[in-house]
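Take a look at the structure set out below.
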Amino acid sequence: MKAHIQSLLEQTVTTLKQQGIIPEDAAPRIQVDRTKDKTHGDLATNLAMMLSKLAGKNPRELAALIIDNLPASSNVTKVDIAGPGFINFFIDENALANQLQAALKDDKLGIQLPAAQTVVVDYSSPNLAKEMHVGHLRSTIIGDAVVRALEFLNHKVIRQNHVGDWGTQFGMLLAYMEELRAANGEATEIELSDLETFYRAAKVRFDESEEFATRARHLVVELQSGNEYCNKLWREFNDISLSHCHKVYQRLGVSLTRKDVHGESAYNDDLAQVVADLDAQGLLTESNGAKVVFQEEFRTKEGEPLPVIIQKADGGYLYATTDLAAMRYRSKVLHADRALYFVDLRQALHFQQVFSLARTAGFVRDEMTLEHMGFGTMNGEDGRPFKTRSGGVVKLVDLLDEANSRAIELVRSKNPDMDEATLAEIARVVGIASVKYADLSKNRSSDYIFSFDQMLSFEGNTAPYLLYAYTRVVGIFKKAADIDLTNAKIELNEEKEKELGTKLAQFGEVLARMVDKGQPHLLCSYLYELAGAFSSFYEACPVLAADNEAARDSRLLLSQLTAKTLQQGLGLLGIETLERM
Ligand code: ARG
């Protein structure tokens with residue numbers, strides 16, 4: 001409906017240009033918003049206020065001209081001018097009802113699909129030298145939600161798991177792996193099942209033995225010059241590490257597969273070229289033997305120039321060099337329209353610098369956007385970065401285990417007689433959903449406090465609340481299984497029916513904003529409001545006990561569309577629904 005009003009206003013702008021009321025070259029961004037107070041209509045625009053200067057008229061006067069020239073529409077019952085020059089639209093309930101009726105039969109729930117784009121999404125991207133920890137949780141689940149929503153809107157999504165699978169630390173790991181294999185053969189694989197311990201042990205060896213350190217450095221050189229034996233060892237190591245990651249993805253219900261892995265090492269062969277190209281454009285400067293780029297706009301607080309280091313004095317390349325190569329690949333090979341990076345906000349400066357450099361160097365097509373979708377830190381209840389009791393990094397697996405056991409207690413307390421198998425399955429869904437939803441429902445750019453108690457509560461904007469709300473809606477049509485709804489029609493007579501209907505019709509707008517801003521919390525808030533609108537509707541409007549069949553059937557259809565929207569919405573957040581809990 002919003003899009004419909006927008007298009008009516010676009011047509012009006014064209015007409016006003018033809019009449020010479022507003023200048024030919026005016027290109028206003030037409031904004032249509034939901035009104036807070038429905039007595040003032042359903043949708044409103046500030047277009048007259050935006051254009052009044054250009055038109056040389058006062059806003060209310062221009063608003064009247066806009067209304068006079070608005071094409072007729074059967075969806076709009078009334079148009080009003082309010083306050084300083086807002087234009088308010090009253091939407092016809094029948095049009096809304098028809099829209100909802102159509103949504104029920106549509107896979108995409110009747111939403112308006114945008115022009116399809118190719119979107120590269122860089123997310124999860126853990127370092128393979130270590131085990132995945134909670135720091136990767138946010139990137140993984142926020143990125144995956146946005147990916148799912150983009151695909152639902154028919155965009156072509158190319159997932160890029162830009163894993164850290166290259167760098168000097170691999171020499172140390174390979175040297176240690178070699179040593180262990182020589183000592184105990186097969187048992188090595190078992191040691192590798194705990195990468196964190198493995199990494200620490202390798203580091204101890206590296207620090208204690210000069211001979212080991214020399215071997216480690218030698219292995220890196222061999223690896224980089226393509227030595228077959230070293231490469232095999234390296235592949236084996238990464239393979240084991242990646243399979244740990246994929247176990248976590250599977251358990252979390254994250255859609256990344258092995259095909260989506262395109263790590264740092266994939267760009268090795270391009271790095272020399274990146275340096276050569278920057279050099280050819282005169283962008284490189286020598287600084288203490290290293291090759292760096294200074295960009296005018298990047299300076300320290302003290303005003304000192306802040307370089308991007310491209311190649312170290314010893315010839316080694318850096319994180320930034322790889323990112324430059326990756327951007328070029330994403331633009332010129334993958335033909336992305338947008339490249340989204342779900343990476344910790346602490347890397348904001350890195351991305352500003354490399355994005356700007358990639359543009360200057362012409363590594364990306366002008367029309368491609370580069371968007372750092374940064375996120376804040378996950379803190380413990382003490383407000384400090386989330387750590388184990390002993391101060392170590394929390395492994396993702398341990399965190400999910402704890403969520404699961406707490407979910408078992410929660411579900412058992414509600415259903416003391418439930419059999420163990422059913423209970424375990426429900427708790428699995430609730431546990432994962434709670435961890436994911438707690439993260440997704442917060443604005444990603446702020447830090448947030450990870451609290452098991454809060455995320456597993458049935459009160460407020462939480463996974464248990466929404467999952468439970470869903471089971472209540474489906475519970476209604478379980479009782480109505482034998483009612484034939486083939487010829488039923490949605491009617492919006494009662495105030496609460498209209499409110500629910502209006503909320504349901506907003507699904508598409510919300511998704512569009514979520515993928516545009518890379519902010520899943522917008523969808524979470526919407527689903528929470530939808531569940532709220534349903535519960536007020538259900539309180540005010542009896543469904544199975546409605547006064548007449550037409551009202552009953554219409555309310556059943558509204559319930560059906562609510563269930564579908566909740567399920568689809570949660571599905572796009574990567575959250576499964578339950579029939580009972
Ligand atoms: N591996 C990096 C880390 O854990 C994240 C990589 C993000 N993606 C990128 N293209 N830089 O910090």
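So you can find residues: chains in the structure tokens are A, B, ... in the order shown, residues in each start at 1, and ligands are numbered from 1 in order.
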Requested in this report: Grab me every residue within 10 Å of ligand 1, counting only C-alpha atoms and all ligand atoms, and send it over as a VMD selection string.
Outcome: chain A and resid 121 to 128 130 132 to 133 135 to 136 139 160 to 165 262 to 264 319 to 320 322 to 327 339 to 344 346 to 347 350 to 351 354 372
Output the selection as a PDB file, in the first residue's frame - C-alpha atoms for each residue.
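Output contents, as saved in selection24.pdb:
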ATOM      1  CA  VAL A 121      27.649 -11.108   1.750  1.00  0.00           C
ATOM      2  CA  ASP A 122      30.853 -11.580   3.730  1.00  0.00           C
ATOM      3  CA  TYR A 123      29.958 -13.110   7.059  1.00  0.00           C
ATOM      4  CA  SER A 124      31.072 -15.500   9.774  1.00  0.00           C
ATOM      5  CA  SER A 125      34.655 -15.463   8.437  1.00  0.00           C
ATOM      6  CA  PRO A 126      36.399 -17.041  11.462  1.00  0.00           C
ATOM      7  CA  ASN A 127      40.128 -17.580  11.709  1.00  0.00           C
ATOM      8  CA  LEU A 128      40.904 -21.237  11.143  1.00  0.00           C
ATOM      9  CA  LYS A 130      41.731 -21.149  16.374  1.00  0.00           C
ATOM     10  CA  MET A 132      35.310 -20.457  16.669  1.00  0.00           C
ATOM     11  CA  HIS A 133      34.385 -18.381  19.691  1.00  0.00           C
ATOM     12  CA  GLY A 135      32.984 -13.211  18.784  1.00  0.00           C
ATOM     13  CA  HIS A 136      32.000 -14.981  15.580  1.00  0.00           C
ATOM     14  CA  SER A 139      28.614 -12.075  12.393  1.00  0.00           C
ATOM     15  CA  GLN A 160      31.537 -15.419   1.111  1.00  0.00           C
ATOM     16  CA  ASN A 161      32.999 -17.007   4.186  1.00  0.00           C
ATOM     17  CA  HIS A 162      36.262 -15.052   4.180  1.00  0.00           C
ATOM     18  CA  VAL A 163      38.025 -17.379   6.623  1.00  0.00           C
ATOM     19  CA  GLY A 164      41.464 -16.558   7.980  1.00  0.00           C
ATOM     20  CA  ASP A 165      43.335 -19.529   6.553  1.00  0.00           C
ATOM     21  CA  HIS A 262      36.445 -18.327  -0.007  1.00  0.00           C
ATOM     22  CA  GLY A 263      39.182 -17.561   2.449  1.00  0.00           C
ATOM     23  CA  GLU A 264      42.178 -15.289   2.505  1.00  0.00           C
ATOM     24  CA  TYR A 319      44.936  -8.236   5.912  1.00  0.00           C
ATOM     25  CA  ALA A 320      44.270  -5.029   3.946  1.00  0.00           C
ATOM     26  CA  THR A 322      43.830  -9.389   0.814  1.00  0.00           C
ATOM     27  CA  ASP A 323      40.730  -7.264   1.275  1.00  0.00           C
ATOM     28  CA  LEU A 324      41.690  -5.134  -1.717  1.00  0.00           C
ATOM     29  CA  ALA A 325      42.048  -8.262  -3.832  1.00  0.00           C
ATOM     30  CA  ALA A 326      38.734  -9.558  -2.482  1.00  0.00           C
ATOM     31  CA  MET A 327      36.910  -6.350  -3.401  1.00  0.00           C
ATOM     32  CA  ALA A 339      29.052  -6.063  -1.082  1.00  0.00           C
ATOM     33  CA  LEU A 340      28.072  -6.349   2.581  1.00  0.00           C
ATOM     34  CA  TYR A 341      30.592  -6.997   5.344  1.00  0.00           C
ATOM     35  CA  PHE A 342      29.286  -8.294   8.655  1.00  0.00           C
ATOM     36  CA  VAL A 343      32.364  -7.651  10.740  1.00  0.00           C
ATOM     37  CA  ASP A 344      33.034  -6.304  14.243  1.00  0.00           C
ATOM     38  CA  ARG A 346      36.285  -2.434  15.874  1.00  0.00           C
ATOM     39  CA  GLN A 347      37.377  -2.949  12.273  1.00  0.00           C
ATOM     40  CA  HIS A 350      40.133  -0.718   8.388  1.00  0.00           C
ATOM     41  CA  PHE A 351      37.053  -0.890   6.172  1.00  0.00           C
ATOM     42  CA  VAL A 354      40.317  -0.053   2.219  1.00  0.00           C
ATOM     43  CA  HIS A 372      30.440  -2.366   6.428  1.00  0.00           C
TER      44      HIS A 372
END
Requested in this report: Could you give me, as a list in words, the residues within 12 Å of Leu223 (chain A), counting only C-alpha atoms and dropping anything in the same chain fewer than 3 positions from it?
Outcome: Trp166, Gly167, Thr168, Gln169, Phe170, Gly171, Met172, Leu174, Ala175, Ala216, Arg217, His218, Leu219, Val220, Gly226, Asn227, Glu228, Tyr229, Cys230, Asn231, Lys232, Leu233, Trp234, Arg235, Ser265 and Asn268 of chain A
Serialized selection, N, CA and C atoms, as an mmCIF file, in the first residue's frame:
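Generated output (out-v1.cif):
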data_model
loop_
_atom_site.group_PDB
_atom_site.id
_atom_site.type_symbol
_atom_site.label_atom_id
_atom_site.label_comp_id
_atom_site.auth_asym_id
_atom_site.auth_seq_id
_atom_site.Cartn_x
_atom_site.Cartn_y
_atom_site.Cartn_z
ATOM 1 N N TRP A 166 45.327 -18.179 6.298
ATOM 2 C CA TRP A 166 46.645 -17.883 5.763
ATOM 3 C C TRP A 166 47.377 -16.977 6.748
ATOM 4 N N GLY A 167 48.671 -16.997 6.726
ATOM 5 C CA GLY A 167 49.409 -16.103 7.620
ATOM 6 C C GLY A 167 50.499 -16.876 8.334
ATOM 7 N N THR A 168 51.359 -16.114 9.018
ATOM 8 C CA THR A 168 52.543 -16.733 9.598
ATOM 9 C C THR A 168 52.212 -17.744 10.696
ATOM 10 N N GLN A 169 51.072 -17.565 11.384
ATOM 11 C CA GLN A 169 50.770 -18.511 12.470
ATOM 12 C C GLN A 169 50.600 -19.942 11.959
ATOM 13 N N PHE A 170 50.356 -20.091 10.652
ATOM 14 C CA PHE A 170 50.198 -21.451 10.130
ATOM 15 C C PHE A 170 51.512 -22.235 10.147
ATOM 16 N N GLY A 171 52.615 -21.529 10.065
ATOM 17 C CA GLY A 171 53.912 -22.208 10.135
ATOM 18 C C GLY A 171 54.040 -22.934 11.468
ATOM 19 N N MET A 172 53.696 -22.228 12.520
ATOM 20 C CA MET A 172 53.765 -22.771 13.865
ATOM 21 C C MET A 172 52.833 -23.980 14.023
ATOM 22 N N LEU A 174 51.631 -25.938 11.621
ATOM 23 C CA LEU A 174 52.056 -27.070 10.794
ATOM 24 C C LEU A 174 53.268 -27.754 11.417
ATOM 25 N N ALA A 175 54.174 -26.957 11.949
ATOM 26 C CA ALA A 175 55.353 -27.543 12.585
ATOM 27 C C ALA A 175 54.931 -28.431 13.763
ATOM 28 N N ALA A 216 59.220 -23.621 11.985
ATOM 29 C CA ALA A 216 57.921 -23.005 11.701
ATOM 30 C C ALA A 216 58.058 -21.929 10.613
ATOM 31 N N ARG A 217 59.080 -21.093 10.763
ATOM 32 C CA ARG A 217 59.282 -20.021 9.772
ATOM 33 C C ARG A 217 59.628 -20.592 8.405
ATOM 34 N N HIS A 218 60.397 -21.649 8.452
ATOM 35 C CA HIS A 218 60.773 -22.319 7.201
ATOM 36 C C HIS A 218 59.523 -22.886 6.504
ATOM 37 N N LEU A 219 58.657 -23.481 7.309
ATOM 38 C CA LEU A 219 57.439 -24.058 6.733
ATOM 39 C C LEU A 219 56.562 -23.002 6.057
ATOM 40 N N VAL A 220 56.508 -21.816 6.631
ATOM 41 C CA VAL A 220 55.716 -20.746 6.010
ATOM 42 C C VAL A 220 56.273 -20.402 4.634
ATOM 43 N N GLY A 226 54.668 -22.807 -2.559
ATOM 44 C CA GLY A 226 53.897 -23.864 -3.226
ATOM 45 C C GLY A 226 54.409 -25.276 -3.007
ATOM 46 N N ASN A 227 55.261 -25.488 -2.029
ATOM 47 C CA ASN A 227 55.738 -26.830 -1.708
ATOM 48 C C ASN A 227 54.564 -27.784 -1.481
ATOM 49 N N GLU A 228 54.563 -28.896 -2.202
ATOM 50 C CA GLU A 228 53.411 -29.797 -2.208
ATOM 51 C C GLU A 228 53.160 -30.413 -0.831
ATOM 52 N N TYR A 229 54.248 -30.854 -0.180
ATOM 53 C CA TYR A 229 54.108 -31.474 1.136
ATOM 54 C C TYR A 229 53.490 -30.494 2.148
ATOM 55 N N CYS A 230 54.006 -29.274 2.152
ATOM 56 C CA CYS A 230 53.486 -28.263 3.083
ATOM 57 C C CYS A 230 52.031 -27.929 2.797
ATOM 58 N N ASN A 231 51.728 -27.839 1.530
ATOM 59 C CA ASN A 231 50.358 -27.530 1.164
ATOM 60 C C ASN A 231 49.375 -28.613 1.585
ATOM 61 N N LYS A 232 49.855 -29.853 1.518
ATOM 62 C CA LYS A 232 48.986 -30.963 1.913
ATOM 63 C C LYS A 232 48.724 -30.869 3.414
ATOM 64 N N LEU A 233 49.776 -30.637 4.151
ATOM 65 C CA LEU A 233 49.662 -30.520 5.607
ATOM 66 C C LEU A 233 48.694 -29.379 5.968
ATOM 67 N N TRP A 234 48.869 -28.272 5.268
ATOM 68 C CA TRP A 234 48.051 -27.085 5.504
ATOM 69 C C TRP A 234 46.572 -27.357 5.171
ATOM 70 N N ARG A 235 46.345 -28.042 4.052
ATOM 71 C CA ARG A 235 44.965 -28.376 3.681
ATOM 72 C C ARG A 235 44.324 -29.275 4.725
ATOM 73 N N SER A 265 43.374 -17.231 1.668
ATOM 74 C CA SER A 265 44.355 -17.893 0.798
ATOM 75 C C SER A 265 43.931 -17.883 -0.669
ATOM 76 N N ASN A 268 45.849 -15.313 -2.721
ATOM 77 C CA ASN A 268 47.317 -15.283 -2.749
ATOM 78 C C ASN A 268 47.903 -14.836 -4.071
#
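Checking A:Leu70, A:Asn46, A:Glu499, A:Ile111 one by one against Gly83 (chain A), counting only C-alpha atoms, you find the shortest gap at A:Asn46.
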**Report entry** Test item: residues at most 7 Å from region 529-546 of chain A, only C-alpha atoms, excluding those fewer than 2 positions along its chain, as an NGL selection string
**Finding:** :A and (466 or 469 or 496-497 or 499-500 or 503 or 525-527 or 548 or 551-552 or 555-556)
Generate a file of the selected residues that holds N, CA and C atoms, formatted as an mmCIF file, in the first residue's frame.
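In the end it all went to out33.cif:
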data_model
loop_
_atom_site.group_PDB
_atom_site.id
_atom_site.type_symbol
_atom_site.label_atom_id
_atom_site.label_comp_id
_atom_site.auth_asym_id
_atom_site.auth_seq_id
_atom_site.Cartn_x
_atom_site.Cartn_y
_atom_site.Cartn_z
ATOM 1 N N LEU A 466 7.735 -15.371 21.303
ATOM 2 C CA LEU A 466 7.259 -15.467 19.921
ATOM 3 C C LEU A 466 6.920 -16.892 19.525
ATOM 4 N N ALA A 469 3.672 -17.624 21.087
ATOM 5 C CA ALA A 469 2.595 -16.916 20.382
ATOM 6 C C ALA A 469 2.221 -17.690 19.112
ATOM 7 N N LYS A 496 -9.941 -3.918 16.019
ATOM 8 C CA LYS A 496 -8.786 -4.794 16.234
ATOM 9 C C LYS A 496 -8.481 -5.647 14.991
ATOM 10 N N GLU A 497 -9.511 -5.917 14.206
ATOM 11 C CA GLU A 497 -9.271 -6.624 12.937
ATOM 12 C C GLU A 497 -8.498 -5.719 11.981
ATOM 13 N N GLU A 499 -6.556 -3.241 12.808
ATOM 14 C CA GLU A 499 -5.179 -3.056 13.287
ATOM 15 C C GLU A 499 -4.303 -4.251 12.930
ATOM 16 N N LEU A 500 -4.859 -5.452 13.144
ATOM 17 C CA LEU A 500 -4.098 -6.652 12.794
ATOM 18 C C LEU A 500 -3.828 -6.683 11.287
ATOM 19 N N LYS A 503 -1.101 -4.286 10.289
ATOM 20 C CA LYS A 503 0.215 -4.821 10.673
ATOM 21 C C LYS A 503 0.652 -5.905 9.676
ATOM 22 N N SER A 525 11.410 -6.672 15.778
ATOM 23 C CA SER A 525 10.429 -5.765 16.385
ATOM 24 C C SER A 525 9.076 -5.914 15.703
ATOM 25 N N TYR A 526 9.126 -6.048 14.384
ATOM 26 C CA TYR A 526 7.868 -6.211 13.651
ATOM 27 C C TYR A 526 7.122 -7.470 14.101
ATOM 28 N N LEU A 527 7.824 -8.578 14.202
ATOM 29 C CA LEU A 527 7.172 -9.840 14.576
ATOM 30 C C LEU A 527 6.607 -9.747 16.000
ATOM 31 N N ASN A 548 -21.287 -14.824 13.731
ATOM 32 C CA ASN A 548 -21.802 -15.464 12.512
ATOM 33 C C ASN A 548 -20.653 -16.124 11.759
ATOM 34 N N ALA A 551 -17.979 -13.864 9.895
ATOM 35 C CA ALA A 551 -16.984 -13.256 10.792
ATOM 36 C C ALA A 551 -16.007 -14.313 11.270
ATOM 37 N N ARG A 552 -16.532 -15.482 11.618
ATOM 38 C CA ARG A 552 -15.659 -16.561 12.096
ATOM 39 C C ARG A 552 -14.629 -16.920 11.018
ATOM 40 N N ARG A 555 -12.032 -14.307 10.462
ATOM 41 C CA ARG A 555 -11.038 -14.293 11.557
ATOM 42 C C ARG A 555 -10.095 -15.498 11.479
ATOM 43 N N LEU A 556 -10.637 -16.625 11.016
ATOM 44 C CA LEU A 556 -9.751 -17.783 10.824
ATOM 45 C C LEU A 556 -8.691 -17.470 9.763
#
Query raised in the report: Which residues come within 12 Å of Leu47 (chain A), counting only C-alpha atoms, excluding same-chain residues fewer than 2 positions away, as a ChimeraX atom specification?
Result: /A:5-6,9-10,12-13,26-33,44-45,49-55,59-60,62-67,81,84-88
Query - Selection: 8 Å around region 246-257 of chain A, only C-alpha atoms, excl. self and same-chain fewer than 6 positions, as a list in words - result: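 Counting only C-alpha atoms, the residues come to Thr140, Ile141, Asp144, Arg159, Asn161, Leu396, Val397, Ile432, Gly574 and Ile575 of chain A.
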Requested in this report: From region 23-53 of chain A, collect each residue whose DSSP state is helix (DSSP H, G or I) and return the set as a PyMOL selection string.
Outcome: chain A and resi 38-40+47-53
Requested in this report: Write out as a PyMOL selection string each polymer residue whose atoms come within 10 Å of Arg472 (chain A), counting only C-alpha atoms; drop sequence neighbours fewer than 5 positions from it.
Outcome: chain A and resi 466-467+477-478+535+559+563+579-581
Requested in this report: Identify, on the basis of only C-alpha atoms, every residue whose closest approach to Phe452 (chain A) does not exceed 10 Å; exclude the query and any residue fewer than 5 positions from it along the same chain; express the result as a ChimeraX atom specification.
Outcome: /A:381,399,402-403,406-407,431,434-435,438,457
Query - DSSP-assigned strand (DSSP E or B) among region 53-284 of chain A, expressed as JSON, numbers by chain - result: {"A": [76, 77, 78, 79, 80, 81, 82, 86, 87, 88, 89, 90, 91, 118, 119, 120, 121, 122, 127, 133, 156, 157, 158, 159, 160, 161, 164, 261]}
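Between CA of Glu296 (chain A) and CA of Lys517 (chain A) the separation is 28.3 Å.
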Requested in this report: Have a look at CA of Asp68 (chain A) and CA of Asp80 (chain A) and let me know their distance in Å, one decimal.
Outcome: 11.1 Å
Query raised in the report: From the set A:Lys2, A:Lys105, A:Lys479, A:Arg338, which residue has the shortest atom-to-atom contact distance to Lys156 (chain A), counting only C-alpha atoms?
Result: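 Closest residue, counting only C-alpha atoms: A:Arg338.
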Requested in this report: Using only C-alpha atoms, pick whichever of A:Asp92, A:Glu151, A:Glu196, A:Glu509 has the shortest atom-to-atom distance to Gln112 (chain A).
Outcome: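 Ranked by minimum distance to Gln112 (chain A), first place goes to A:Glu509.
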Query raised in the report: Restricting the calculation to only C-alpha atoms, which member of A:Glu211, A:Glu459, A:Asp277, A:Asp439 is positioned closest to Leu137 (chain A)?
Result: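 Going through A:Glu211, A:Glu459, A:Asp277, A:Asp439 one by one, the smallest distance to Leu137 (chain A) is for A:Asp439.
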